[in-house]
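J.: Encoded as structure tokens, here's the structure I'll be asking about.
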Amino acid sequence: MIHKLLKRIAGLVLILVILSFFVFALLYIAPGDPAEKRLTSQGVAVTKQVLDAERARLGLFRPFLVRYGEWLFGVVRGDFGVSFKDDLPVAPKLFQGLQNTCLLAVSSLLMALLLSFGLSIASVLNKDGPADHLVRICAFVSNSLPNFLISVMLMYLLCIRLDLFPVIAAKGDLRGLVMPVLSLTIPMCGRFTRQMRAEFLDQMRSDYVTGMRGRGVRTRYILLNVVRNALGHIFTIVALQIGTLMGGSVVIETIFRWPGIGKLVMDAITARDYPVIMGFVVIMGTIYVVINQLSDIINHILDPRTAL
Amino acid sequence: MKKKVIRIRIIIMTVLALLLVLVTTFADVFSPNDPYATSASAIRMAPCPAYPFGTDNLGRCVFARVLYGGRTTIAATFALVAVSFVIGTVIGMICGYYGGILDRVCMRVADILLSFPQMVVAIAVAGILGGGMKGAMIALGITMWVSFARLSRSHTFSLRNEAFIKAALFAGKSDPYIILVHILPNLLAPVLTNALTQIGTTMIGLSGLSFLGLGVVPPVAEWGSMISEARAYIQIAPWAVLFPSLATILTIIIFNYLGDAVINYREA
């Protein structure tokens, strides 16, 4: 067990190193060179001398691997380099944004989980009944909606037609959180409901449920067992959705001007501020990989038959 | 009985999907106006006979732009799915057929790619490569081939030990011949089903990138970027947002439903 766990952690570190290498290499595929990008993003007129001086200052004449090593070493210590735009360190900005993003992401994740749990149970309980059909249709449709579309529709409906919420979230205003959370929740809820319903139905078909039914056990106790046995798979489903949630929060934060890490990275993309983009991918990648490994471990604890 | 119902559903959805593809491919025939012609006298006009879906901020016909935008979105999606399908299936078949070190390396790469958050990587790649549909397609394609490769690999793996493959080997057929003639037709059905279910997700991804300004370059009509542009004046001209949104929703629903129905049909 401990041996396997260590192997897992080694694999995790390897994946993260590859991801960071990939991100660092991207900078070199990108058109133009970093010194030029830096100068243009600061609005300096680019001449040959200025460019060479900047290149020397940034250490661009040194070999690629040396620079990668230095950057990686910095990242491990929590130093993501300085922004091209204002020469301020990137790390505090990223972590500040991450806090806001977490607030948004965690609240929509919890809401989606609660909603889809209730809906999938209701749908399983009267399988092929009217409620089941309704839930399935809703889940199917919301699964097919891109989240930018939901947020635009919600804006139109709630802000303009009904005038219930402010369009742009003011800081500290909880009402501003409602629409971004809803736009993230709806498509996620659809996916969760579909997968949970399939999972519960799968459990309902197994022998132990037939046995319990035969012994005349009440439905609510059967459900308790079904939920307990499906828990491991539900963790996996949720962990895999975290990636989609991260991508979605970039879109939603940009629309609602929520000061999270997604908004930060979109601003950085427009300003060609590469250290921020690199830091964003490394942070999000780390969170995603760690969560998925954790879910595998939890899965193994919940159901020791699954291989770790 | 159940199978018959699903078959009818599949036929209806296929007809609808084909209709969508046809209408958008021949957008120039169906479109009443030029999607790029701006008009100062027809800015943000409500839907009327001349402009069935109204006009946008520059006086461009929204109906024409929805049709042409569909062409951009659908063509890009199909191209991306097709390319990933071909690359993924070829890699998967070769890995599954030969096995060994090549197989292990490829599947390791696939595992690593799958462990990245796809949309995060896509946003970063598209952002760094700079605008353009090509950048967005590359960004999504990096991870897309993996599902095809894994699926076709596992099918090739089980097919490899079948008697008819052994017979072909003893008959002196070459490896490429066996792969193309005996293995490919046998794994086509599940892999094509996977391709069908990928269409909806890819469309969501591509239009999302366009919405962020990481897809098409502005004057080109595309649903995601149209919605993004028109969002600024949604209070004055809601139709400029509403119609491209409806088109996106309908298209994704049709393709997703088709994918679901085909899966159900194969399982039933």
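All residue names refer to the structure tokens as shown: chains lettered A, B, ... in order, residues numbered from 1 in each chain, ligands numbered from 1 in order.
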Do you know which residues are at most 9 Å from Phe30 (chain B) counting only C-alpha atoms, after dropping those on the same chain fewer than 5 positions away, and could you put them as a ChimeraX atom specification?
T.: /B:23-24,64,67
J.: Would you save the residues of that selection, restricted to N, CA and C atoms, as a compact mmCIF listing (two decimals), in the first residue's frame?
T.:
```txt
# COMPACT_ATOMS: atom_id res chain seq x y z
N VAL B 23 -27.62 23.20 -45.22
CA VAL B 23 -28.01 24.62 -45.23
C VAL B 23 -26.80 25.51 -44.99
N THR B 24 -25.92 25.10 -44.05
CA THR B 24 -24.77 25.95 -43.77
C THR B 24 -23.69 25.83 -44.84
N ALA B 64 -27.93 36.08 -42.28
CA ALA B 64 -26.83 35.66 -43.15
C ALA B 64 -25.62 35.26 -42.33
N LEU B 67 -26.05 31.83 -40.80
CA LEU B 67 -25.82 30.77 -41.79
C LEU B 67 -24.33 30.59 -42.06
```
J.: Would you kindly return, as a list of chain:residue names, each protein, DNA or RNA residue with an atom no farther than 12 Å from any atom of Val75 (chain A), considering only C-alpha atoms and excluding same-chain residues fewer than 5 positions away?
T.: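 After dropping sequence-adjacent residues, the list is A:Leu16, A:Val17, A:Ser20, A:Phe21, A:Phe24, A:Tyr68, A:Gly69, A:Glu70, A:Phe80, A:Gly81, A:Val82, A:Pro89, A:Val90, A:Ala91, A:Pro275, A:Val276, A:Met278, A:Gly279, A:Phe280, A:Val281, A:Val282, A:Ile283, A:Thr286.
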J.: Can I get the residues of region 119-216 of chain B within 7 Å of region 88-101 of chain B, each with the closest pair of atoms and their distance in Å to one decimal, using only C-alpha atoms, sorted chain first then ascending number, as a Markdown table?
T.:
```
| residue | atom | partner | partner_atom | distance |
| --- | --- | --- | --- | --- |
| B:Trp145 | CA | B:Gly88 | CA | 4.5 |
| B:Val146 | CA | B:Gly88 | CA | 6.2 |
| B:Phe148 | CA | B:Gly88 | CA | 4.8 |
| B:Ala149 | CA | B:Gly92 | CA | 4.1 |
| B:Arg150 | CA | B:Gly92 | CA | 6.1 |
| B:Ser152 | CA | B:Gly92 | CA | 5.1 |
| B:Arg153 | CA | B:Gly92 | CA | 4.2 |
| B:Ser154 | CA | B:Gly96 | CA | 6.7 |
| B:Thr156 | CA | B:Gly96 | CA | 5.2 |
| B:Phe157 | CA | B:Gly96 | CA | 4.9 |
| B:Arg160 | CA | B:Tyr97 | CA | 6.5 |
```
J.: With only C-alpha atoms as the atoms that count, which of B:Val81, B:Ile12, B:Ala221, B:Ile254 lies nearest to chain A?
T.: B:Ile254
J.: Using only C-alpha atoms, find which residues of chain A lie within 7 Å of chain B and jot them down as a VMD selection string.
T.: chain A and resid 15 30 141 144 to 146 148 to 149 160 243 to 244 246 to 247 251 269 277 281 285 288 to 289
J.: Report the distance between CA of Leu158 (chain A) and CA of Tyr233 (chain B) in Å, rounded to one decimal place.
T.: 15.7 Å
J.: Residues of region 24-272 of chain A classed as alpha helix (DSSP H) by DSSP on the backbone are to be reported as number ranges by chain.
T.: A: 24-29, 34-42, 48-58, 64-76, 90-125, 130-143, 147-154, 175-204, 207-214, 219-256, 261-271
J.: Grab the CA of Leu102 (chain B) to CA of Ile178 (chain B) distance for me, in Å with one decimal place.
T.: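 The value is 18.9 Å.
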J.: Please list as a PyMOL selection string every residue within 12 Å of Ser249 (chain A), counting only C-alpha atoms and excluding residues in the same chain fewer than 2 positions away.
T.: (chain A and resi 97-98+100-109+146-148+151+180-185+188+242-247+251-266+284) or (chain B and resi 119-120+123+208+212)
J.: I want to know what sits within 8 Å of Val220 (chain B), based on only C-alpha atoms, with residues of the same chain fewer than 3 positions away left out; could you give that as number ranges by chain?
T.: B: 69, 216-217
